[in-house]
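What follows is a set of notes on a single structure, which appears directly below.
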Amino acid sequence: MIAAACSLLDASVEDDREFELGDYEGAIARWCPGCGDHSVLSAVQRLLKQEQLEPEKTVFVSGIGCSSRFPHYMKTYGFHGLHGRALPVATGVKLHRPDLHVFVVMGDGDCASIGAGHWLHAMRYNVDMVALMLDNNIYGMTKMQTSPTTPQGFSTNTQPRGSYLPALNPIEVMLGITNVSFVAQTAEWAPAHLFATLEAAHRHKGFAFVRILQRCPIYTPKIFMGAVRDPGLIELLVHEDGIDVPELRKLYRTATVHDPKDMDSARRLAEPGERIRLGIFFRDGTRQCYGDVRNVPHHTVEEKLALLEEEFARHVI
Ligand code: SF4
């Protein structure tokens, strides 16, 4: 038993473990029945199994909100942190342990309101991780307050006569950030598309931002219902370098060829239209990653103490 445990820590020992779905399943999810978060959880667990990510080398970081309970439901490392602060925590984890697979799970309020400053800079820093925004257009955990992505005119508990302002468009925001490297949109009720998007995001080198449109049957049951029932309201962005799931073409018949390298086209397609667009808007794997250029040597505790002593001595003298 001890030998087996040691072999997990010894990189020179060949790792012949094969992970099953159960190796990634944590506590039983306590989201409401019908909540779209269940679908995302299932897709993420399937992705980890397909990619055979070592559970002890995988970390899920979240903020606060319904979707931020995600790390509890994964049998990996996890950090259920502070409201809006998932990205700085995840950045610290990845910079100090580049060998880990880092996933961030945020809600629309968590990411685009209190966490907005971190969100913009996380994209500019382009640290290698997957950031998921589970966007149900509302603050669900705190009972139906207007979030940045709530549609204008939608009645909430904080703006009962209808949300005052036009909704923030997370895709347009991300496409406007310097050094942007991966921006995609998918929907949890299209599991094949969701899975293909997660797969592309995981394989991208850099900060991969994925907005996942997510149903909340408790507070925003009608917002995505039209698109769920009528596939004609969905437009797929397809390309050989993007996402193309052939079996989806039978259901979603409106498809636009879009090269994810074309930023001008990405920005045009990000503007609201008659249909909800799903696919990779932009991808450039050659953008600079902060983790690569920072190149700070990793010190042991003893080395850090020695450096501090040297620093102290310099100042005292
Ligand atoms: Fe999901 Fe909405 Fe329930 Fe939160 S309130 S768990 S988002 S269905």
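Labels used: A, B, ... for chains in the order of the structure tokens, numbers from 1 for residues in each chain, and numbers from 1 for ligands as shown.
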
Could you write out, as a PyMOL selection string, all the residues of stretch 12-185 of chain A that DSSP marks as helix (DSSP H, G or I)?
chain A and resi 21-23+37-51+55-57+67-73+86-96+108-114+116-125+170-175

What lies within 10 Å of stretch 124-126 of chain A using only C-alpha atoms, ignoring chain neighbours under 5 positions off, as a ChimeraX atom specification?
/A:91,118-119,174,177-182,205-208,287-292

Preceding selection exported with N, CA, C and O atoms as a PDB file, in the first residue's frame:
ATOM      1  N   THR A  91      -4.855  31.906 -10.511  1.00  0.00           N
ATOM      2  CA  THR A  91      -3.605  32.394 -11.113  1.00  0.00           C
ATOM      3  C   THR A  91      -2.424  32.047 -10.216  1.00  0.00           C
ATOM      4  O   THR A  91      -1.377  31.571 -10.690  1.00  0.00           O
ATOM      5  N   HIS A 118     -10.627  41.433 -11.893  1.00  0.00           N
ATOM      6  CA  HIS A 118      -9.770  40.241 -12.009  1.00  0.00           C
ATOM      7  C   HIS A 118      -9.980  39.548 -13.358  1.00  0.00           C
ATOM      8  O   HIS A 118      -9.045  39.027 -13.960  1.00  0.00           O
ATOM      9  N   TRP A 119     -11.228  39.556 -13.800  1.00  0.00           N
ATOM     10  CA  TRP A 119     -11.589  38.883 -15.055  1.00  0.00           C
ATOM     11  C   TRP A 119     -10.806  39.487 -16.225  1.00  0.00           C
ATOM     12  O   TRP A 119     -10.184  38.767 -17.018  1.00  0.00           O
ATOM     13  N   MET A 174     -14.603  40.223 -23.560  1.00  0.00           N
ATOM     14  CA  MET A 174     -13.357  39.450 -23.660  1.00  0.00           C
ATOM     15  C   MET A 174     -12.620  39.727 -24.976  1.00  0.00           C
ATOM     16  O   MET A 174     -11.398  39.794 -25.013  1.00  0.00           O
ATOM     17  N   ILE A 177     -10.125  42.691 -24.941  1.00  0.00           N
ATOM     18  CA  ILE A 177      -8.984  42.717 -24.018  1.00  0.00           C
ATOM     19  C   ILE A 177      -7.676  42.436 -24.766  1.00  0.00           C
ATOM     20  O   ILE A 177      -7.587  41.488 -25.554  1.00  0.00           O
ATOM     21  N   THR A 178      -6.667  43.231 -24.465  1.00  0.00           N
ATOM     22  CA  THR A 178      -5.337  43.024 -25.028  1.00  0.00           C
ATOM     23  C   THR A 178      -4.836  41.625 -24.661  1.00  0.00           C
ATOM     24  O   THR A 178      -5.012  41.190 -23.521  1.00  0.00           O
ATOM     25  N   ASN A 179      -4.245  40.951 -25.607  1.00  0.00           N
ATOM     26  CA  ASN A 179      -3.637  39.624 -25.390  1.00  0.00           C
ATOM     27  C   ASN A 179      -4.664  38.509 -25.233  1.00  0.00           C
ATOM     28  O   ASN A 179      -4.351  37.421 -24.737  1.00  0.00           O
ATOM     29  N   VAL A 180      -5.914  38.763 -25.642  1.00  0.00           N
ATOM     30  CA  VAL A 180      -6.957  37.721 -25.569  1.00  0.00           C
ATOM     31  C   VAL A 180      -6.502  36.511 -26.386  1.00  0.00           C
ATOM     32  O   VAL A 180      -5.888  36.651 -27.447  1.00  0.00           O
ATOM     33  N   SER A 181      -6.787  35.289 -25.869  1.00  0.00           N
ATOM     34  CA  SER A 181      -6.308  34.126 -26.624  1.00  0.00           C
ATOM     35  C   SER A 181      -7.371  33.066 -26.921  1.00  0.00           C
ATOM     36  O   SER A 181      -7.218  32.306 -27.868  1.00  0.00           O
ATOM     37  N   PHE A 182      -8.447  32.988 -26.135  1.00  0.00           N
ATOM     38  CA  PHE A 182      -9.472  31.970 -26.436  1.00  0.00           C
ATOM     39  C   PHE A 182     -10.801  32.444 -25.852  1.00  0.00           C
ATOM     40  O   PHE A 182     -10.902  32.677 -24.647  1.00  0.00           O
ATOM     41  N   LYS A 205      -3.470  26.406 -25.193  1.00  0.00           N
ATOM     42  CA  LYS A 205      -2.382  26.891 -24.320  1.00  0.00           C
ATOM     43  C   LYS A 205      -2.639  28.371 -24.048  1.00  0.00           C
ATOM     44  O   LYS A 205      -2.496  29.207 -24.932  1.00  0.00           O
ATOM     45  N   GLY A 206      -3.038  28.682 -22.811  1.00  0.00           N
ATOM     46  CA  GLY A 206      -3.360  30.054 -22.448  1.00  0.00           C
ATOM     47  C   GLY A 206      -4.667  30.090 -21.677  1.00  0.00           C
ATOM     48  O   GLY A 206      -5.198  29.054 -21.267  1.00  0.00           O
ATOM     49  N   PHE A 207      -5.187  31.295 -21.494  1.00  0.00           N
ATOM     50  CA  PHE A 207      -6.409  31.483 -20.715  1.00  0.00           C
ATOM     51  C   PHE A 207      -7.616  31.258 -21.617  1.00  0.00           C
ATOM     52  O   PHE A 207      -7.876  32.047 -22.527  1.00  0.00           O
ATOM     53  N   ALA A 208      -8.323  30.171 -21.381  1.00  0.00           N
ATOM     54  CA  ALA A 208      -9.463  29.825 -22.231  1.00  0.00           C
ATOM     55  C   ALA A 208     -10.749  30.213 -21.511  1.00  0.00           C
ATOM     56  O   ALA A 208     -11.089  29.625 -20.478  1.00  0.00           O
ATOM     57  N   ARG A 287      -0.292  33.689 -28.282  1.00  0.00           N
ATOM     58  CA  ARG A 287      -0.215  34.886 -27.425  1.00  0.00           C
ATOM     59  C   ARG A 287       0.696  34.619 -26.225  1.00  0.00           C
ATOM     60  O   ARG A 287       0.811  33.478 -25.747  1.00  0.00           O
ATOM     61  N   GLN A 288       1.288  35.707 -25.732  1.00  0.00           N
ATOM     62  CA  GLN A 288       2.233  35.579 -24.627  1.00  0.00           C
ATOM     63  C   GLN A 288       1.504  35.177 -23.332  1.00  0.00           C
ATOM     64  O   GLN A 288       0.469  35.746 -23.010  1.00  0.00           O
ATOM     65  N   CYS A 289       2.071  34.209 -22.622  1.00  0.00           N
ATOM     66  CA  CYS A 289       1.506  33.774 -21.330  1.00  0.00           C
ATOM     67  C   CYS A 289       2.373  34.329 -20.202  1.00  0.00           C
ATOM     68  O   CYS A 289       3.602  34.183 -20.235  1.00  0.00           O
ATOM     69  N   TYR A 290       1.737  34.922 -19.219  1.00  0.00           N
ATOM     70  CA  TYR A 290       2.482  35.512 -18.098  1.00  0.00           C
ATOM     71  C   TYR A 290       3.364  34.463 -17.413  1.00  0.00           C
ATOM     72  O   TYR A 290       4.492  34.745 -17.039  1.00  0.00           O
ATOM     73  N   GLY A 291       2.852  33.264 -17.297  1.00  0.00           N
ATOM     74  CA  GLY A 291       3.618  32.216 -16.621  1.00  0.00           C
ATOM     75  C   GLY A 291       4.919  31.890 -17.341  1.00  0.00           C
ATOM     76  O   GLY A 291       5.908  31.494 -16.716  1.00  0.00           O
ATOM     77  N   ASP A 292       4.953  32.070 -18.666  1.00  0.00           N
ATOM     78  CA  ASP A 292       6.162  31.741 -19.434  1.00  0.00           C
ATOM     79  C   ASP A 292       7.208  32.847 -19.342  1.00  0.00           C
ATOM     80  O   ASP A 292       8.394  32.587 -19.303  1.00  0.00           O
TER      81      ASP A 292
END

At a cut-off of 10 Å around ligand 1, and using only C-alpha atoms and all ligand atoms, what residues come up? Please write them as a tab-separated table (two decimals) with all heavy atoms, in the first residue's frame.
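The result, stored in result-v5.tsv:
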chain	number	residue	atom	x	y	z
A	29	ALA	N	-24.45	16.34	-6.00
A	29	ALA	CA	-24.75	17.76	-6.27
A	29	ALA	C	-26.09	18.16	-5.65
A	29	ALA	O	-27.08	17.43	-5.76
A	29	ALA	CB	-24.75	18.00	-7.77
A	30	ARG	N	-26.10	19.34	-5.04
A	30	ARG	CA	-27.31	19.82	-4.36
A	30	ARG	C	-27.95	20.99	-5.09
A	30	ARG	O	-28.66	21.79	-4.49
A	30	ARG	CB	-26.96	20.21	-2.92
A	30	ARG	CG	-26.63	18.99	-2.06
A	30	ARG	CD	-26.10	19.41	-0.71
A	30	ARG	NE	-27.01	20.28	-0.01
A	30	ARG	CZ	-26.66	21.05	1.03
A	30	ARG	NH1	-25.42	21.05	1.44
A	30	ARG	NH2	-27.54	21.82	1.62
A	31	TRP	N	-27.69	21.10	-6.39
A	31	TRP	CA	-28.39	22.13	-7.15
A	31	TRP	C	-29.85	21.71	-7.33
A	31	TRP	O	-30.20	20.52	-7.20
A	31	TRP	CB	-27.75	22.29	-8.53
A	31	TRP	CG	-26.36	22.86	-8.49
A	31	TRP	CD1	-25.97	24.02	-7.88
A	31	TRP	CD2	-25.17	22.29	-9.08
A	31	TRP	NE1	-24.62	24.21	-8.07
A	31	TRP	CE2	-24.10	23.17	-8.80
A	31	TRP	CE3	-24.91	21.14	-9.83
A	31	TRP	CZ2	-22.80	22.93	-9.23
A	31	TRP	CZ3	-23.62	20.90	-10.25
A	31	TRP	CH2	-22.58	21.80	-9.96
A	32	CYS	N	-30.72	22.67	-7.67
A	32	CYS	CA	-32.14	22.37	-7.86
A	32	CYS	C	-32.31	21.36	-9.00
A	32	CYS	O	-31.52	21.35	-9.95
A	32	CYS	CB	-32.90	23.63	-8.24
A	32	CYS	SG	-32.69	25.01	-7.12
A	33	PRO	N	-33.38	20.55	-8.93
A	33	PRO	CA	-33.66	19.66	-10.07
A	33	PRO	C	-33.86	20.49	-11.33
A	33	PRO	O	-34.52	21.53	-11.30
A	33	PRO	CB	-34.98	18.97	-9.66
A	33	PRO	CG	-35.04	19.12	-8.17
A	33	PRO	CD	-34.33	20.40	-7.83
A	34	GLY	N	-33.25	20.05	-12.42
A	34	GLY	CA	-33.39	20.77	-13.69
A	34	GLY	C	-32.40	21.90	-13.87
A	34	GLY	O	-32.36	22.53	-14.93
A	35	CYS	N	-31.58	22.18	-12.86
A	35	CYS	CA	-30.58	23.25	-12.98
A	35	CYS	C	-29.54	22.85	-14.04
A	35	CYS	O	-29.06	21.71	-14.06
A	35	CYS	CB	-29.91	23.47	-11.64
A	35	CYS	SG	-28.56	24.67	-11.73
A	36	GLY	N	-29.16	23.79	-14.89
A	36	GLY	CA	-28.19	23.51	-15.94
A	36	GLY	C	-26.81	23.18	-15.41
A	36	GLY	O	-25.98	22.61	-16.13
A	37	ASP	N	-26.54	23.52	-14.16
A	37	ASP	CA	-25.22	23.21	-13.59
A	37	ASP	C	-24.95	21.70	-13.59
A	37	ASP	O	-23.80	21.27	-13.71
A	37	ASP	CB	-25.11	23.74	-12.16
A	37	ASP	CG	-25.09	25.27	-12.10
A	37	ASP	OD1	-24.99	25.90	-13.17
A	37	ASP	OD2	-25.17	25.82	-10.99
A	38	HIS	N	-26.01	20.89	-13.45
A	38	HIS	CA	-25.82	19.43	-13.46
A	38	HIS	C	-25.21	18.98	-14.79
A	38	HIS	O	-24.35	18.11	-14.82
A	38	HIS	CB	-27.17	18.72	-13.27
A	38	HIS	CG	-27.79	18.92	-11.92
A	38	HIS	ND1	-27.33	18.29	-10.78
A	38	HIS	CD2	-28.84	19.69	-11.52
A	38	HIS	CE1	-28.07	18.65	-9.74
A	38	HIS	NE2	-28.98	19.49	-10.17
A	65	GLY	N	-21.59	31.52	-5.25
A	65	GLY	CA	-22.81	31.48	-6.06
A	65	GLY	C	-23.21	30.02	-6.23
A	65	GLY	O	-22.52	29.11	-5.77
A	66	CYS	N	-24.35	29.80	-6.90
A	66	CYS	CA	-24.81	28.41	-7.09
A	66	CYS	C	-23.73	27.58	-7.78
A	66	CYS	O	-23.32	26.53	-7.29
A	66	CYS	CB	-26.08	28.40	-7.93
A	66	CYS	SG	-27.52	29.11	-7.13
A	67	SER	N	-23.23	28.06	-8.93
A	67	SER	CA	-22.28	27.26	-9.70
A	67	SER	C	-20.95	27.11	-8.97
A	67	SER	O	-20.19	26.18	-9.23
A	67	SER	CB	-22.05	27.88	-11.08
A	67	SER	OG	-21.62	29.22	-10.95
A	68	SER	N	-20.68	28.01	-8.04
A	68	SER	CA	-19.39	27.95	-7.34
A	68	SER	C	-19.32	26.80	-6.33
A	68	SER	O	-18.27	26.58	-5.71
A	68	SER	CB	-19.10	29.28	-6.65
A	68	SER	OG	-18.76	30.25	-7.61
A	69	ARG	N	-20.40	26.06	-6.20
A	69	ARG	CA	-20.33	24.84	-5.37
A	69	ARG	C	-19.61	23.72	-6.13
A	69	ARG	O	-19.39	22.63	-5.59
A	69	ARG	CB	-21.73	24.39	-4.96
A	69	ARG	CG	-22.44	25.38	-4.04
A	69	ARG	CD	-23.70	24.78	-3.43
A	69	ARG	NE	-23.44	23.52	-2.75
A	69	ARG	CZ	-22.91	23.42	-1.54
A	69	ARG	NH1	-22.58	24.50	-0.88
A	69	ARG	NH2	-22.71	22.23	-1.00
A	107	GLY	N	-19.99	32.22	-11.65
A	107	GLY	CA	-21.29	32.63	-12.18
A	107	GLY	C	-21.14	33.97	-12.87
A	107	GLY	O	-20.08	34.60	-12.84
A	134	LEU	N	-20.64	30.19	-15.87
A	134	LEU	CA	-21.95	29.57	-15.99
A	134	LEU	C	-22.97	30.69	-15.85
A	134	LEU	O	-23.20	31.21	-14.76
A	134	LEU	CB	-22.13	28.48	-14.91
A	134	LEU	CG	-21.51	27.12	-15.26
A	134	LEU	CD1	-20.01	27.18	-15.39
A	134	LEU	CD2	-21.89	26.07	-14.23
A	135	ASP	N	-23.54	31.08	-17.00
A	135	ASP	CA	-24.31	32.32	-17.08
A	135	ASP	C	-25.81	32.03	-17.13
A	135	ASP	O	-26.36	31.67	-18.17
A	135	ASP	CB	-23.86	33.08	-18.34
A	135	ASP	CG	-24.42	34.49	-18.37
A	135	ASP	OD1	-25.28	34.81	-17.53
A	135	ASP	OD2	-23.99	35.26	-19.24
A	136	ASN	N	-26.47	32.19	-15.97
A	136	ASN	CA	-27.93	32.01	-15.91
A	136	ASN	C	-28.66	33.34	-15.90
A	136	ASN	O	-29.86	33.41	-15.64
A	136	ASN	CB	-28.33	31.16	-14.69
A	136	ASN	CG	-27.88	31.77	-13.39
A	136	ASN	OD1	-27.30	32.86	-13.38
A	136	ASN	ND2	-28.14	31.11	-12.27
A	137	ASN	N	-27.90	34.43	-16.10
A	137	ASN	CA	-28.49	35.78	-16.22
A	137	ASN	C	-29.11	36.30	-14.93
A	137	ASN	O	-29.95	37.21	-14.98
A	137	ASN	CB	-29.57	35.82	-17.32
A	137	ASN	CG	-29.04	35.68	-18.74
A	137	ASN	OD1	-29.77	35.87	-19.68
A	137	ASN	ND2	-27.77	35.35	-18.90
A	138	ILE	N	-28.69	35.76	-13.79
A	138	ILE	CA	-29.32	36.18	-12.53
A	138	ILE	C	-28.41	35.80	-11.35
A	138	ILE	O	-27.57	34.92	-11.49
A	138	ILE	CB	-30.72	35.50	-12.35
A	138	ILE	CG1	-31.64	36.26	-11.39
A	138	ILE	CG2	-30.59	34.05	-11.89
A	138	ILE	CD1	-32.32	37.43	-12.02
A	139	TYR	N	-28.57	36.49	-10.21
A	139	TYR	CA	-27.98	35.98	-8.98
A	139	TYR	C	-28.97	34.97	-8.41
A	139	TYR	O	-30.04	35.35	-7.92
A	139	TYR	CB	-27.79	37.11	-7.96
A	139	TYR	CG	-26.63	38.04	-8.24
A	139	TYR	CD1	-26.82	39.23	-8.94
A	139	TYR	CD2	-25.36	37.75	-7.77
A	139	TYR	CE1	-25.77	40.09	-9.18
A	139	TYR	CE2	-24.29	38.61	-8.01
A	139	TYR	CZ	-24.50	39.77	-8.71
A	139	TYR	OH	-23.45	40.63	-8.95
A	140	GLY	N	-28.65	33.68	-8.49
A	140	GLY	CA	-29.57	32.64	-8.05
A	140	GLY	C	-29.47	32.37	-6.56
A	140	GLY	O	-30.47	32.32	-5.85
A	141	MET	N	-28.24	32.22	-6.06
A	141	MET	CA	-28.07	31.81	-4.66
A	141	MET	C	-28.65	32.84	-3.70
A	141	MET	O	-29.20	32.50	-2.66
A	141	MET	CB	-26.59	31.59	-4.37
A	141	MET	CG	-26.35	30.83	-3.09
A	141	MET	SD	-24.60	30.79	-2.67
A	141	MET	CE	-24.40	32.42	-2.01
A	142	THR	N	-28.55	34.12	-4.08
A	142	THR	CA	-29.09	35.17	-3.19
A	142	THR	C	-30.48	35.60	-3.62
A	142	THR	O	-30.94	36.69	-3.29
A	142	THR	CB	-28.13	36.37	-3.15
A	142	THR	OG1	-27.71	36.67	-4.48
A	142	THR	CG2	-26.91	36.07	-2.30
A	143	LYS	N	-31.14	34.77	-4.41
A	143	LYS	CA	-32.58	34.88	-4.67
A	143	LYS	C	-32.99	35.99	-5.64
A	143	LYS	O	-33.69	36.92	-5.27
A	143	LYS	CB	-33.39	35.02	-3.37
A	143	LYS	CG	-32.98	34.04	-2.27
A	143	LYS	CD	-33.43	32.63	-2.59
A	143	LYS	CE	-33.05	31.68	-1.47
A	143	LYS	NZ	-32.20	30.59	-1.89
A	144	MET	N	-32.47	35.88	-6.87
A	144	MET	CA	-33.07	36.63	-7.98
A	144	MET	C	-32.81	38.13	-7.98
A	144	MET	O	-33.73	38.94	-8.09
A	144	MET	CB	-34.58	36.37	-8.01
A	144	MET	CG	-35.18	36.58	-9.37
A	144	MET	SD	-36.96	36.41	-9.29
A	144	MET	CE	-37.38	36.61	-10.99
A	214	GLN	N	-26.76	28.93	-19.26
A	214	GLN	CA	-27.19	27.94	-18.26
A	214	GLN	C	-28.60	28.25	-17.77
A	214	GLN	O	-28.89	29.35	-17.30
A	214	GLN	CB	-26.20	27.95	-17.10
A	214	GLN	CG	-26.53	26.99	-15.99
A	214	GLN	CD	-26.63	27.69	-14.64
A	214	GLN	OE1	-25.75	28.47	-14.27
A	214	GLN	NE2	-27.70	27.42	-13.89
A	215	ARG	N	-29.45	27.24	-17.87
A	215	ARG	CA	-30.83	27.42	-17.40
A	215	ARG	C	-30.91	27.42	-15.89
A	215	ARG	O	-30.27	26.62	-15.21
A	215	ARG	CB	-31.72	26.29	-17.93
A	215	ARG	CG	-31.99	26.36	-19.41
A	215	ARG	CD	-32.63	25.10	-19.91
A	215	ARG	NE	-31.70	23.97	-19.81
A	215	ARG	CZ	-32.00	22.72	-20.10
A	215	ARG	NH1	-33.22	22.43	-20.52
A	215	ARG	NH2	-31.10	21.77	-20.00
A	216	CYS	N	-31.74	28.34	-15.37
A	216	CYS	CA	-32.08	28.34	-13.95
A	216	CYS	C	-33.61	28.23	-13.89
A	216	CYS	O	-34.31	29.23	-14.06
A	216	CYS	CB	-31.62	29.63	-13.29
A	216	CYS	SG	-32.29	29.84	-11.61
A	217	PRO	N	-34.13	27.00	-13.69
A	217	PRO	CA	-35.58	26.84	-13.75
A	217	PRO	C	-36.32	27.53	-12.59
A	217	PRO	O	-37.53	27.69	-12.65
A	217	PRO	CB	-35.78	25.32	-13.69
A	217	PRO	CG	-34.50	24.76	-13.18
A	217	PRO	CD	-33.42	25.74	-13.51
A	218	ILE	N	-35.57	27.96	-11.58
A	218	ILE	CA	-36.23	28.60	-10.44
A	218	ILE	C	-36.47	30.09	-10.70
A	218	ILE	O	-37.56	30.61	-10.46
A	218	ILE	CB	-35.37	28.42	-9.15
A	218	ILE	CG1	-35.09	26.94	-8.90
A	218	ILE	CG2	-36.06	29.06	-7.95
A	218	ILE	CD1	-36.32	26.08	-8.70
A	219	TYR	N	-35.45	30.79	-11.19
A	219	TYR	CA	-35.57	32.26	-11.29
A	219	TYR	C	-35.62	32.81	-12.71
A	219	TYR	O	-36.12	33.91	-12.91
A	219	TYR	CB	-34.41	32.92	-10.53
A	219	TYR	CG	-34.44	32.62	-9.06
A	219	TYR	CD1	-33.38	31.99	-8.43
A	219	TYR	CD2	-35.57	32.94	-8.30
A	219	TYR	CE1	-33.43	31.68	-7.08
A	219	TYR	CE2	-35.63	32.64	-6.95
A	219	TYR	CZ	-34.55	32.01	-6.34
A	219	TYR	OH	-34.61	31.71	-5.02
A	220	THR	N	-35.04	32.08	-13.66
A	220	THR	CA	-35.08	32.61	-15.04
A	220	THR	C	-35.56	31.51	-16.00
A	220	THR	O	-34.91	31.24	-17.02
A	220	THR	CB	-33.70	33.13	-15.49
A	220	THR	OG1	-32.71	32.09	-15.33
A	220	THR	CG2	-33.26	34.34	-14.70
A	221	PRO	N	-36.69	30.87	-15.68
A	221	PRO	CA	-37.09	29.71	-16.50
A	221	PRO	C	-37.36	30.06	-17.96
A	221	PRO	O	-37.22	29.20	-18.83
A	221	PRO	CB	-38.35	29.20	-15.80
A	221	PRO	CG	-38.86	30.36	-15.03
A	221	PRO	CD	-37.67	31.17	-14.63

Find the residues near A:Val183: any atom within 12 Å, counting only C-alpha atoms, skip ones fewer than 2 places away on the same chain, and give them as a PyMOL selection string.
chain A and resi 123+126+130-133+170-177+179-181+185-186+197-198+200-201+204+206-212+242+260-261+263+266-267+270+278-285

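The neighbours of A:Gly117 here are the residues that come within 10 Å of it, using only C-alpha atoms and leaving out any residue fewer than 6 positions away in the same chain; they are Gly84, Arg85, Leu87 and Cys111 of chain A.
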
Selection above as a file: C-alpha atoms, as a PDB file, in the first residue's frame:
ATOM      1  CA  GLY A  84     -15.348  37.385  -7.312  1.00  0.00           C
ATOM      2  CA  ARG A  85     -11.881  36.190  -6.292  1.00  0.00           C
ATOM      3  CA  LEU A  87      -9.306  34.089 -10.772  1.00  0.00           C
ATOM      4  CA  CYS A 111     -17.236  36.960 -12.647  1.00  0.00           C
TER       5      CYS A 111
END
